[in-house]
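This is my_file.cif (mmCIF, C-alpha atoms).
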```
data_upload
#
loop_
_atom_site.label_atom_id
_atom_site.label_comp_id
_atom_site.auth_asym_id
_atom_site.auth_seq_id
_atom_site.Cartn_x
_atom_site.Cartn_y
_atom_site.Cartn_z
CA MET A 115 -16.43 9.02 1.39
CA ASP A 116 -14.33 6.46 3.28
CA ALA A 117 -11.08 7.56 4.89
CA LEU A 118 -8.05 6.95 2.68
CA ARG A 119 -5.90 4.05 3.83
CA VAL A 120 -2.15 4.73 3.85
CA ILE A 121 0.63 2.14 4.11
CA GLU A 122 3.97 3.41 5.41
CA VAL A 123 6.71 1.14 4.07
CA LYS A 124 9.73 1.18 6.37
CA LYS A 125 11.90 -1.62 4.98
CA SER A 126 12.36 -3.58 1.79
CA VAL A 127 14.63 -6.54 1.05
CA TYR A 128 15.96 -5.97 -2.48
CA ALA A 129 17.77 -9.30 -2.78
CA ASN A 130 14.47 -11.15 -2.56
CA ASN A 131 12.66 -9.08 -5.19
CA ASP A 132 12.53 -11.74 -7.89
CA LEU A 133 11.20 -14.30 -5.42
CA GLU A 134 8.62 -11.85 -4.11
CA ALA A 135 7.58 -11.00 -7.68
CA LYS A 136 7.06 -14.69 -8.47
CA GLU A 137 4.95 -15.08 -5.36
CA ASN A 138 2.87 -12.06 -6.37
CA ARG A 139 2.44 -13.48 -9.88
CA ASP A 140 1.37 -16.87 -8.51
CA LEU A 141 -1.07 -15.21 -6.11
CA LEU A 142 -2.63 -13.10 -8.84
CA ARG A 143 -2.91 -16.12 -11.15
CA ASP A 144 -4.65 -18.16 -8.46
CA GLN A 145 -7.03 -15.26 -7.79
CA ASP A 146 -7.70 -14.60 -11.50
CA THR A 147 -6.62 -10.99 -10.88
CA PHE A 148 -4.88 -8.96 -13.61
CA MET A 149 -2.27 -6.41 -12.47
CA MET A 150 -0.89 -3.49 -14.45
CA ASN A 151 2.27 -1.59 -13.53
CA LEU A 152 1.89 2.03 -14.70
CA MET A 153 5.12 4.03 -15.06
CA SER A 154 6.15 7.45 -16.32
CA SER A 155 8.07 10.58 -15.42
CA PRO A 156 6.41 13.13 -13.08
CA GLY A 157 3.87 15.33 -14.82
CA SER A 158 3.18 12.99 -17.73
CA GLY A 159 -0.50 12.74 -16.86
CA LYS A 160 -0.60 9.30 -15.17
CA THR A 161 -3.34 10.15 -12.71
CA THR A 162 -5.46 12.07 -15.22
CA MET A 163 -5.19 9.21 -17.71
CA LEU A 164 -6.02 6.72 -15.00
CA VAL A 165 -9.14 8.62 -13.91
CA SER A 166 -10.32 8.77 -17.53
CA THR A 167 -9.66 5.05 -17.95
CA LEU A 168 -11.40 4.08 -14.71
CA ASN A 169 -14.50 6.06 -15.57
CA ARG A 170 -14.74 4.11 -18.84
CA ILE A 171 -14.25 0.60 -17.47
CA LYS A 172 -15.29 0.60 -13.79
CA GLU A 173 -18.79 -0.72 -14.50
CA LYS A 174 -17.34 -3.72 -16.37
CA VAL A 175 -14.64 -4.98 -13.98
CA ASP A 176 -13.91 -4.77 -10.25
CA ILE A 177 -10.87 -2.53 -9.78
CA GLY A 178 -8.41 -1.56 -7.05
CA ILE A 179 -5.59 0.98 -7.23
CA ILE A 180 -2.28 0.93 -5.37
CA GLU A 181 -1.11 4.53 -5.50
CA ALA A 182 2.59 5.03 -4.76
CA ASP A 183 4.27 8.28 -3.76
CA ILE A 184 7.24 9.30 -1.70
CA ASP A 185 4.81 11.42 0.31
CA SER A 186 1.35 13.04 0.11
CA ASP A 187 -2.01 11.54 -0.84
CA VAL A 188 -3.05 14.05 -3.53
CA ASP A 189 -3.20 11.53 -6.38
CA ALA A 190 -4.90 8.86 -4.27
CA LEU A 191 -7.66 11.28 -3.30
CA THR A 192 -8.13 12.16 -6.97
CA ILE A 193 -8.48 8.47 -7.83
CA GLN A 194 -10.84 7.94 -4.90
CA SER A 195 -13.25 10.43 -6.45
CA THR A 196 -14.02 7.85 -9.17
CA GLY A 197 -15.51 5.50 -6.58
CA VAL A 198 -12.82 2.89 -7.19
CA ASP A 199 -11.10 1.44 -4.13
CA VAL A 200 -7.61 2.92 -3.65
CA ILE A 201 -4.83 2.72 -1.09
CA GLN A 202 -1.83 5.00 -0.71
CA VAL A 203 1.67 3.55 -0.34
CA HIS A 204 4.40 5.80 1.06
CA ASN A 205 7.66 4.07 0.24
CA GLY A 206 10.07 5.79 2.58
CA GLY A 207 11.69 8.07 0.02
CA MET A 208 12.78 5.44 -2.52
CA CYS A 209 12.53 6.07 -6.26
CA HIS A 210 10.51 2.94 -7.06
CA LEU A 211 8.26 0.24 -5.70
CA ASP A 212 9.46 -3.32 -5.33
CA ALA A 213 7.53 -6.59 -5.15
CA ALA A 214 7.42 -6.72 -1.35
CA MET A 215 5.82 -3.27 -1.17
CA VAL A 216 3.27 -4.26 -3.78
CA ARG A 217 2.42 -7.42 -1.84
CA GLN A 218 1.54 -5.28 1.17
CA GLY A 219 -0.72 -3.26 -1.09
CA LEU A 220 -2.36 -6.36 -2.59
CA ASP A 221 -3.11 -7.73 0.86
CA ASP A 222 -4.54 -4.43 2.10
CA ILE A 223 -6.70 -3.83 -0.93
CA LYS A 224 -8.03 -7.41 -0.82
CA SER A 225 -6.98 -8.21 -4.35
CA LYS A 226 -8.64 -11.63 -4.23
CA THR A 227 -11.98 -9.85 -4.70
CA LEU A 228 -10.78 -7.85 -7.73
CA ASP A 229 -10.52 -8.44 -11.46
CA PHE A 230 -7.99 -5.67 -12.03
CA VAL A 231 -5.32 -3.97 -9.91
CA VAL A 232 -3.32 -0.96 -11.06
CA VAL A 233 -0.02 -0.05 -9.45
CA GLU A 234 0.66 3.62 -10.15
CA ASN A 235 4.42 3.57 -9.66
CA ILE A 236 6.75 6.34 -8.51
CA GLY A 237 7.31 8.95 -11.22
CA ASN A 238 10.65 8.51 -12.97
CA LEU A 239 12.02 6.73 -16.03
CA ILE A 240 14.97 4.94 -14.43
CA CYS A 241 14.42 2.98 -11.19
CA PRO A 242 10.94 1.45 -11.76
CA ALA A 243 12.12 -0.29 -14.94
CA SER A 244 14.47 -2.48 -12.91
CA TYR A 245 11.94 -4.05 -10.53
CA ASP A 246 9.58 -6.88 -11.38
CA LEU A 247 6.42 -6.53 -9.30
CA GLY A 248 4.65 -9.66 -10.50
CA GLN A 249 2.54 -7.65 -12.94
CA ASN A 250 0.78 -8.98 -16.04
CA LEU A 251 1.22 -5.78 -18.03
CA ASN A 252 3.81 -2.99 -18.01
CA VAL A 253 2.50 0.34 -19.30
CA MET A 254 4.42 3.57 -19.75
CA ILE A 255 3.14 7.08 -20.43
CA LEU A 256 5.21 9.58 -22.41
CA SER A 257 3.65 13.02 -22.73
CA VAL A 258 4.01 15.24 -25.78
CA PRO A 259 5.66 18.08 -23.76
CA GLU A 260 8.45 15.69 -22.68
CA GLY A 261 9.63 15.32 -26.27
CA SER A 262 10.12 12.44 -28.67
CA ASP A 263 13.79 11.82 -27.82
CA LYS A 264 13.17 9.97 -24.53
CA PRO A 265 13.84 6.45 -25.94
CA LEU A 266 17.37 7.61 -26.73
CA LYS A 267 17.90 8.87 -23.17
CA TYR A 268 16.08 6.16 -21.19
CA PRO A 269 16.26 3.01 -23.33
CA LYS A 270 15.81 0.49 -20.53
CA MET A 271 12.31 1.69 -19.69
CA PHE A 272 11.19 1.36 -23.30
CA THR A 273 12.54 -2.20 -23.52
CA LYS A 274 10.55 -3.24 -20.43
CA VAL A 275 7.05 -2.04 -21.30
CA ASP A 276 4.30 -3.79 -23.24
CA VAL A 277 2.36 -0.59 -23.98
CA LEU A 278 3.38 3.00 -24.61
CA LEU A 279 0.70 5.66 -24.17
CA ILE A 280 1.63 8.96 -25.80
CA SER A 281 -0.36 11.41 -23.71
CA LYS A 282 -1.41 15.05 -24.04
CA THR A 283 -1.80 14.84 -27.81
CA ASP A 284 -4.08 17.89 -27.51
CA ALA A 285 -0.83 19.87 -26.99
CA LEU A 286 0.69 18.93 -30.35
CA SER A 287 0.06 22.41 -31.73
CA ILE A 288 2.30 23.86 -29.00
CA PHE A 289 5.18 21.37 -28.86
CA GLU A 290 7.27 19.84 -31.60
CA PHE A 291 6.89 16.07 -31.39
CA ASP A 292 8.20 13.62 -33.98
CA PHE A 293 5.79 10.66 -33.91
CA GLU A 294 7.55 8.87 -36.76
CA GLY A 295 10.99 9.29 -35.19
CA LEU A 296 9.69 8.20 -31.79
CA GLU A 297 8.08 5.04 -33.14
CA GLU A 298 11.23 4.15 -35.09
CA SER A 299 13.38 4.56 -31.97
CA VAL A 300 10.98 2.63 -29.74
CA ARG A 301 10.52 -0.30 -32.12
CA LYS A 302 14.28 -0.73 -32.44
CA LEU A 303 14.29 -1.32 -28.69
CA ASN A 304 11.00 -3.21 -28.45
CA PRO A 305 9.52 -4.46 -31.74
CA ASP A 306 6.31 -5.86 -30.20
CA ILE A 307 5.29 -2.80 -28.19
CA LYS A 308 1.75 -1.44 -28.53
CA ILE A 309 1.55 2.34 -29.01
CA PHE A 310 -1.59 4.41 -28.33
CA PRO A 311 -1.66 8.20 -28.82
CA ILE A 312 -4.19 9.56 -26.31
CA SER A 313 -5.59 12.71 -24.78
CA ALA A 314 -7.37 12.28 -21.46
CA LYS A 315 -8.55 15.89 -21.82
CA THR A 316 -10.34 15.50 -25.16
CA GLY A 317 -10.88 11.73 -25.05
CA ASP A 318 -9.02 11.15 -28.32
CA GLY A 319 -7.60 7.62 -28.43
CA MET A 320 -9.03 6.62 -25.05
CA ASP A 321 -11.60 4.20 -26.45
CA ALA A 322 -8.96 2.24 -28.37
CA TRP A 323 -6.75 2.06 -25.28
CA CYS A 324 -9.62 1.00 -22.99
CA ASP A 325 -10.82 -1.65 -25.45
CA TYR A 326 -7.32 -3.12 -25.54
CA LEU A 327 -7.07 -3.05 -21.74
CA LEU A 328 -10.48 -4.64 -21.17
CA GLU A 329 -9.64 -7.44 -23.58
CA LYS A 330 -6.47 -8.14 -21.61
CA ILE A 331 -8.28 -8.09 -18.26
CA GLN A 332 -11.17 -10.25 -19.40
CA LYS A 333 -8.90 -12.86 -20.94
CA ARG A 334 -7.11 -13.11 -17.61
CA SER A 335 -10.08 -12.96 -15.25
CA PRO A 336 -13.27 -15.00 -15.72
CA ARG A 337 -15.08 -13.20 -12.91
CA GLN A 338 -17.71 -11.00 -14.54
#
```
As structure tokens, how would this structure be written, given the file I've shared?
Amino acid sequence: MDALRVIEVKKSVYANNDLEAKENRDLLRDQDTFMMNLMSSPGSGKTTMLVSTLNRIKEKVDIGIIEADIDSDVDALTIQSTGVDVIQVHNGGMCHLDAAMVRQGLDDIKSKTLDFVVVENIGNLICPASYDLGQNLNVMILSVPEGSDKPLKYPKMFTKVDVLLISKTDALSIFEFDFEGLEESVRKLNPDIKIFPISAKTGDGMDAWCDYLLEKIQKRSPRQ
């Protein structure tokens, strides 16, 4: 197994984020590369869901992962076990990634050779929602143990995402979770959002999610 590459980000210029995001978006368009920004709170199951997704689609598209953490490389090593190329970004203790950090990751991972890039963002439901990275798709994970009231507490995140994955549905027998109430709250904030209940553990819902994702990637990228 190749050594894990780690980028240490020391400085970011926030005022230029929108410009940097546009440059990322233009770059990805010119490369025919589709980029997904994956957000959630810590412990929602981002990495487990991502591993399950990668194992289902990695033979169909060329993939790279930009794995962001304040410190450590635990999640990146887990992703690396799938055989998909991954780099680790340490962002100097900040609660989010911005477009400049992502550009460093895109350059390092050689995104021009890839159909699909995933940015696994820092785990929280506040800061990442405020920063455009140049992505084509914003995806959020909300796990059953977190509860169905999160749209009421963190509305901005739910207004920003294109897809909501409700993870750990295998735990529904343990936790009270109001699917109907959640969907009502979310659609008031974001009427066009796509919602997929999933369990990476049992595989329930994963095929529907992966089919949707592949369709998005393949529409964007003609390289097959």
Can you write out as JSON lines which residues of segment 257-288 of chain A fall within 10 Å of segment 230-240 of chain A, alongside each residue's closest atom pair and its distance in Å to one decimal, counting all atoms listed in the file and ordering rows by chain and ascending residue number?
```
{"residue": "A:Lys264", "atom": "CA", "partner": "A:Leu239", "partner_atom": "CA", "distance": 9.2}
{"residue": "A:Lys267", "atom": "CA", "partner": "A:Leu239", "partner_atom": "CA", "distance": 9.5}
{"residue": "A:Tyr268", "atom": "CA", "partner": "A:Leu239", "partner_atom": "CA", "distance": 6.6}
{"residue": "A:Pro269", "atom": "CA", "partner": "A:Ile240", "partner_atom": "CA", "distance": 9.2}
{"residue": "A:Lys270", "atom": "CA", "partner": "A:Ile240", "partner_atom": "CA", "distance": 7.6}
{"residue": "A:Met271", "atom": "CA", "partner": "A:Leu239", "partner_atom": "CA", "distance": 6.2}
{"residue": "A:Phe272", "atom": "CA", "partner": "A:Leu239", "partner_atom": "CA", "distance": 9.1}
```
Would you translate the PyMOL selection byres ((chain A and resi 139) around 12) into the concrete set of residues it matches in this file, as a tab-separated table (two decimals) with C-alpha atoms, keeping the file's coordinate frame?
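Below is the file result.tsv, written as the result:
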```tsv
chain	number	residue	atom	x	y	z
A	132	ASP	CA	12.53	-11.74	-7.89
A	133	LEU	CA	11.20	-14.30	-5.42
A	134	GLU	CA	8.62	-11.85	-4.11
A	135	ALA	CA	7.58	-11.00	-7.68
A	136	LYS	CA	7.06	-14.69	-8.47
A	137	GLU	CA	4.95	-15.08	-5.36
A	138	ASN	CA	2.87	-12.06	-6.37
A	140	ASP	CA	1.37	-16.87	-8.51
A	141	LEU	CA	-1.07	-15.21	-6.11
A	142	LEU	CA	-2.63	-13.10	-8.84
A	143	ARG	CA	-2.91	-16.12	-11.15
A	144	ASP	CA	-4.65	-18.16	-8.46
A	145	GLN	CA	-7.03	-15.26	-7.79
A	146	ASP	CA	-7.70	-14.60	-11.50
A	147	THR	CA	-6.62	-10.99	-10.88
A	148	PHE	CA	-4.88	-8.96	-13.61
A	149	MET	CA	-2.27	-6.41	-12.47
A	150	MET	CA	-0.89	-3.49	-14.45
A	213	ALA	CA	7.53	-6.59	-5.15
A	214	ALA	CA	7.42	-6.72	-1.35
A	216	VAL	CA	3.27	-4.26	-3.78
A	217	ARG	CA	2.42	-7.42	-1.84
A	220	LEU	CA	-2.36	-6.36	-2.59
A	246	ASP	CA	9.58	-6.88	-11.38
A	247	LEU	CA	6.42	-6.53	-9.30
A	248	GLY	CA	4.65	-9.66	-10.50
A	249	GLN	CA	2.54	-7.65	-12.94
A	250	ASN	CA	0.78	-8.98	-16.04
A	251	LEU	CA	1.22	-5.78	-18.03
```
Checklist entry - Which residues come within 10 Å of Pro265 of chain A, counting only C-alpha atoms, excluding same-chain residues fewer than 3 positions away, as JSON, numbers by chain? => result {"A": [256, 261, 262, 268, 269, 270, 271, 272, 273, 296, 297, 298, 299, 300, 301, 302, 303]}
Checklist entry - Exactly which residues make up the result of the PyMOL selection byres ((chain A and resi 197-201) around 12) on this file, given as a PyMOL selection string? => result chain A and resi 115-122+164-165+167-173+175-183+187-196+202-204+216+218-225+227-228+230-234
Checklist entry - How far is it from atom CA of Ile280 of chain A to atom CA of Asp212 of chain A, in Å with one decimal? => result 25.1 Å
Next on the checklist: Just to confirm, what's the straight-line distance from atom CA of Cys324 of chain A to atom CA of Lys226 of chain A in Å (one decimal)?
Outcome noted: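 Here the two named atoms are 22.6 Å from each other.
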Checklist entry - Near Thr316 of chain A, counting only C-alpha atoms, which residues have an atom at most 10 Å away, once you skip same-chain residues fewer than 5 positions from it, shown as number ranges by chain? => result A: 282-284
